[in-house]
Amino acid sequence: PLPNAVSASDEMCEENNGEATFMLTNLENQINGGSGNTVSFYQDAGGTQEITPPYTSGTTVIYATVFDGTCESVAVPINLTVIPAPPAESAALEECEENNGQASFDLDQLVSTVNVGRPNQVVWYADPGLTIPINSPYLSGSTVIYAVVNDGQCDSEPVEVTLTVKPKPVAFSTEETICDNGSGVATFDLEALDTRINGGLGSEVRYYENPSDPQELQSPYTTGTTTIFARVIQDG
């Protein structure tokens with residue numbers, strides 16, 4: 001009698017361009033019913049186009065036969081299904097320099113962009129080989145990192161995430177002397193000092209009574225002789 005062959009199926013996550021690599025040898029025990037007989041795979045039911053595992057393909061049907069050393073079974077269908085990878089989009093993030101050309105990047109801000117607004121997990125890596133996972137917040141200079149989206153079943157192809165550190169703007173000290181109004185105080189036009197402080201680059205300048213004071217001074221500013229502090233703001 002002919003040896004018995006059992007139809008089987010396999011699913012693999014998409015690797016690239018709708019294709020996946022199927023380890024057909026993992027199906028042999030199912031196809032030969034655990035008999036240990038030789039299993040051969042073919043692209044066609046007639047058994048003329050043999051496949052050598054592993055097999056890279058899109059979703060398709062191939063065929064398998066079992067050989068017991070004397071006879072070969074009838075070919076049975078093997079259903080191979082490629083599970084689509086979740087979509088992933090590249091992204092970019094800019095942060096102001098904190099110190100030594102570095103900034104802290106809140107990668108969580110990019111999750112909805114990278115996973116295209118779907119509730120899929122995003123995993124971050126420092127290298128394109130995906131061997132160095134990183135967490136948010138991520139302290140770095142300007143660089144490119146990589147993101148992979150996982151939908152609970154399959155991973156996306158890695159996408160680039162560009163991180164840019166915006167250099168700190170330069171601020172220059174200055175002084176201003178004007179006559180008092182007769183009572184020991186004078187009114188200073190702080191906006192007239194902007195170009196001295198920002199180096200003429202047009203950046204916004206904000207004024208404070210002390211460096212840690214969150215309350216911004218308004219121009220014109222009436223005061224006696226004193227020292228105030230200025231901060232240059234670049235790009236808002």
# chains A, B, ... in the order shown; residues from 1 in each chain; ligands from 1
$ select_by_dssp --residues "range 85-155 of chain A" --states "strand (DSSP E or B)" --output "PyMOL selection string"
chain A and resi 91-96+99+102-105+121-125+133-134+138-140+143-150+155
$ write_last_selection --atoms "N, CA, C and O atoms" --output "compact mmCIF listing (two decimals), in the first residue's frame"
# COMPACT_ATOMS: atom_id res chain seq x y z
N ALA A 91 9.61 58.69 11.79
CA ALA A 91 9.22 59.88 12.55
C ALA A 91 10.46 60.70 12.86
O ALA A 91 11.60 60.27 12.62
N ALA A 92 10.23 61.89 13.40
CA ALA A 92 11.32 62.78 13.78
C ALA A 92 10.92 63.59 15.00
O ALA A 92 9.73 63.86 15.22
N LEU A 93 11.92 63.94 15.79
CA LEU A 93 11.66 64.72 17.01
C LEU A 93 12.83 65.67 17.25
O LEU A 93 13.99 65.30 17.08
N GLU A 94 12.52 66.92 17.61
CA GLU A 94 13.53 67.92 17.93
C GLU A 94 13.39 68.33 19.39
O GLU A 94 12.27 68.49 19.89
N GLU A 95 14.53 68.50 20.06
CA GLU A 95 14.53 68.99 21.43
C GLU A 95 15.68 69.98 21.59
O GLU A 95 16.71 69.89 20.91
N CYS A 96 15.52 70.92 22.50
CA CYS A 96 16.57 71.89 22.77
C CYS A 96 17.70 71.24 23.57
O CYS A 96 17.45 70.39 24.44
N ASN A 99 22.67 69.90 27.69
CA ASN A 99 24.06 70.03 28.11
C ASN A 99 24.95 69.21 27.20
O ASN A 99 24.57 68.10 26.79
N GLN A 102 23.62 67.39 24.09
CA GLN A 102 22.63 66.34 24.26
C GLN A 102 21.29 66.89 24.73
O GLN A 102 21.20 67.99 25.26
N ALA A 103 20.26 66.09 24.50
CA ALA A 103 18.91 66.44 24.97
C ALA A 103 18.20 65.17 25.37
O ALA A 103 18.57 64.06 24.96
N SER A 104 17.16 65.32 26.16
CA SER A 104 16.34 64.19 26.59
C SER A 104 15.11 64.11 25.70
O SER A 104 14.31 65.05 25.64
N PHE A 105 14.95 63.00 24.99
CA PHE A 105 13.86 62.83 24.04
C PHE A 105 12.77 61.94 24.63
O PHE A 105 13.04 60.80 25.03
N GLN A 121 2.15 48.06 20.14
CA GLN A 121 3.35 48.38 20.90
C GLN A 121 4.47 48.84 19.98
O GLN A 121 4.63 48.32 18.87
N VAL A 122 5.24 49.83 20.44
CA VAL A 122 6.42 50.29 19.71
C VAL A 122 7.65 50.04 20.57
O VAL A 122 7.69 50.40 21.75
N VAL A 123 8.64 49.40 19.98
CA VAL A 123 9.91 49.11 20.67
C VAL A 123 11.01 49.88 19.96
O VAL A 123 11.06 49.93 18.73
N TRP A 124 11.90 50.49 20.76
CA TRP A 124 12.94 51.37 20.23
C TRP A 124 14.30 50.69 20.31
O TRP A 124 14.61 49.99 21.28
N TYR A 125 15.14 50.96 19.30
CA TYR A 125 16.48 50.39 19.27
C TYR A 125 17.49 51.46 18.84
O TYR A 125 17.17 52.35 18.04
N PRO A 133 18.24 47.61 22.63
CA PRO A 133 16.98 48.27 22.96
C PRO A 133 17.22 49.51 23.81
O PRO A 133 18.16 49.56 24.60
N ILE A 134 16.38 50.51 23.63
CA ILE A 134 16.47 51.74 24.42
C ILE A 134 15.08 52.08 24.96
O ILE A 134 14.07 51.61 24.45
N TYR A 138 15.04 59.24 26.31
CA TYR A 138 16.33 58.80 25.78
C TYR A 138 17.26 60.00 25.67
O TYR A 138 16.97 60.95 24.95
N LEU A 139 18.36 59.96 26.41
CA LEU A 139 19.33 61.06 26.41
C LEU A 139 20.36 60.82 25.31
O LEU A 139 21.03 59.79 25.28
N SER A 140 20.45 61.77 24.38
CA SER A 140 21.32 61.56 23.22
C SER A 140 21.63 62.87 22.54
O SER A 140 20.95 63.88 22.74
N THR A 143 20.88 62.09 16.34
CA THR A 143 21.16 60.73 15.89
C THR A 143 19.94 60.15 15.19
O THR A 143 18.88 60.78 15.12
N VAL A 144 20.09 58.95 14.69
CA VAL A 144 18.97 58.18 14.14
C VAL A 144 18.83 56.91 14.96
O VAL A 144 19.81 56.18 15.16
N ILE A 145 17.63 56.65 15.47
CA ILE A 145 17.34 55.39 16.14
C ILE A 145 16.32 54.65 15.29
O ILE A 145 15.92 55.11 14.22
N TYR A 146 15.88 53.49 15.78
CA TYR A 146 15.01 52.64 14.97
C TYR A 146 13.83 52.15 15.82
O TYR A 146 13.98 51.91 17.02
N ALA A 147 12.69 52.04 15.18
CA ALA A 147 11.47 51.62 15.87
C ALA A 147 10.85 50.42 15.17
O ALA A 147 10.86 50.33 13.93
N VAL A 148 10.32 49.50 15.98
CA VAL A 148 9.61 48.33 15.47
C VAL A 148 8.24 48.29 16.13
O VAL A 148 8.12 48.47 17.34
N VAL A 149 7.22 48.06 15.32
CA VAL A 149 5.85 47.96 15.82
C VAL A 149 5.47 46.50 15.94
O VAL A 149 5.71 45.70 15.03
N ASN A 150 4.88 46.14 17.08
CA ASN A 150 4.41 44.77 17.30
C ASN A 150 2.92 44.79 17.60
O ASN A 150 2.45 45.53 18.47
N ASP A 155 6.03 41.47 14.02
CA ASP A 155 6.79 42.72 14.08
C ASP A 155 6.81 43.37 12.70
O ASP A 155 6.87 42.69 11.67
$ residues_around --residues "Ile31 in chain A" --least-positions-apart "2" --cutoff "6 Å" --atoms "only C-alpha atoms" --output "number ranges by chain"
A: 5-6, 28-29, 33
$ write_last_selection --atoms "N, CA, C and O atoms" --output "PDB file, in the first residue's frame"
ATOM      1  N   ALA A   5      -0.097  10.232   3.612  1.00  0.00           N
ATOM      2  CA  ALA A   5       0.379  11.614   3.774  1.00  0.00           C
ATOM      3  C   ALA A   5      -0.779  12.460   4.259  1.00  0.00           C
ATOM      4  O   ALA A   5      -1.907  12.357   3.770  1.00  0.00           O
ATOM      5  N   VAL A   6      -0.504  13.301   5.234  1.00  0.00           N
ATOM      6  CA  VAL A   6      -1.531  14.146   5.858  1.00  0.00           C
ATOM      7  C   VAL A   6      -1.307  15.592   5.445  1.00  0.00           C
ATOM      8  O   VAL A   6      -0.186  16.116   5.539  1.00  0.00           O
ATOM      9  N   GLU A  28       7.148  18.041   8.854  1.00  0.00           N
ATOM     10  CA  GLU A  28       7.321  16.664   8.388  1.00  0.00           C
ATOM     11  C   GLU A  28       6.652  15.643   9.294  1.00  0.00           C
ATOM     12  O   GLU A  28       6.014  14.689   8.812  1.00  0.00           O
ATOM     13  N   ASN A  29       6.779  15.827  10.608  1.00  0.00           N
ATOM     14  CA  ASN A  29       6.201  14.836  11.531  1.00  0.00           C
ATOM     15  C   ASN A  29       4.688  14.780  11.415  1.00  0.00           C
ATOM     16  O   ASN A  29       4.073  13.722  11.590  1.00  0.00           O
ATOM     17  N   GLY A  33       2.697  11.527   9.612  1.00  0.00           N
ATOM     18  CA  GLY A  33       1.983  10.861  10.703  1.00  0.00           C
ATOM     19  C   GLY A  33       2.890  10.320  11.784  1.00  0.00           C
ATOM     20  O   GLY A  33       2.516   9.391  12.512  1.00  0.00           O
TER      21      GLY A  33
END
$ atom_distance --atom1 "CA of Ala192 in chain A" --atom2 "CA of Ala171 in chain A"
14.9 Å
$ select_by_dssp --residues "range 86-200 of chain A" --states "alpha helix (DSSP H)" --output "PyMOL selection string"
chain A and resi 111-114+194-197
$ closest_residue --among "A:Thr162, A:Ser219, A:Glu176, A:Asn115" --to "Leu190 in chain A" --atoms "only C-alpha atoms"
A:Ser219
$ decode --residues "range 11-25 of chain A" --atoms "N, CA, C and O atoms" --output "compact mmCIF listing (two decimals), in the first residue's frame"
# COMPACT_ATOMS: atom_id res chain seq x y z
N GLU A 11 1.75 29.08 9.30
CA GLU A 11 1.64 30.53 9.23
C GLU A 11 2.95 31.15 9.70
O GLU A 11 3.54 30.71 10.68
N MET A 12 3.39 32.18 8.99
CA MET A 12 4.59 32.90 9.38
C MET A 12 4.36 34.40 9.19
O MET A 12 3.60 34.81 8.31
N CYS A 13 5.04 35.19 10.02
CA CYS A 13 4.93 36.64 9.89
C CYS A 13 5.68 37.13 8.66
O CYS A 13 6.76 36.61 8.32
N GLU A 14 5.10 38.11 8.02
CA GLU A 14 5.72 38.72 6.84
C GLU A 14 7.11 39.26 7.20
O GLU A 14 7.30 39.91 8.22
N GLU A 15 8.06 38.98 6.31
CA GLU A 15 9.42 39.49 6.49
C GLU A 15 9.69 40.67 5.57
O GLU A 15 10.28 41.67 5.98
N ASN A 16 9.25 40.55 4.31
CA ASN A 16 9.51 41.62 3.36
C ASN A 16 8.67 41.41 2.11
O ASN A 16 8.56 40.29 1.61
N ASN A 17 8.03 42.48 1.64
CA ASN A 17 7.28 42.44 0.38
C ASN A 17 6.26 41.32 0.31
O ASN A 17 6.10 40.65 -0.72
N GLY A 18 5.58 41.09 1.43
CA GLY A 18 4.51 40.10 1.45
C GLY A 18 4.98 38.67 1.52
O GLY A 18 4.18 37.74 1.35
N GLU A 19 6.27 38.45 1.77
CA GLU A 19 6.81 37.10 1.81
C GLU A 19 7.31 36.74 3.21
O GLU A 19 7.59 37.61 4.03
N ALA A 20 7.42 35.44 3.45
CA ALA A 20 7.95 34.93 4.71
C ALA A 20 8.74 33.66 4.41
O ALA A 20 8.59 33.05 3.35
N THR A 21 9.56 33.27 5.35
CA THR A 21 10.35 32.05 5.21
C THR A 21 9.73 30.94 6.04
O THR A 21 9.57 31.07 7.26
N PHE A 22 9.37 29.87 5.39
CA PHE A 22 8.70 28.73 6.03
C PHE A 22 9.70 27.60 6.26
O PHE A 22 10.35 27.13 5.31
N MET A 23 9.78 27.15 7.51
CA MET A 23 10.65 26.03 7.85
C MET A 23 9.85 24.74 7.65
O MET A 23 9.25 24.19 8.57
N LEU A 24 9.81 24.27 6.42
CA LEU A 24 8.95 23.15 6.05
C LEU A 24 9.29 21.88 6.81
O LEU A 24 8.42 21.03 7.03
N THR A 25 10.55 21.74 7.22
CA THR A 25 10.93 20.53 7.95
C THR A 25 10.15 20.39 9.26
O THR A 25 9.99 19.28 9.78
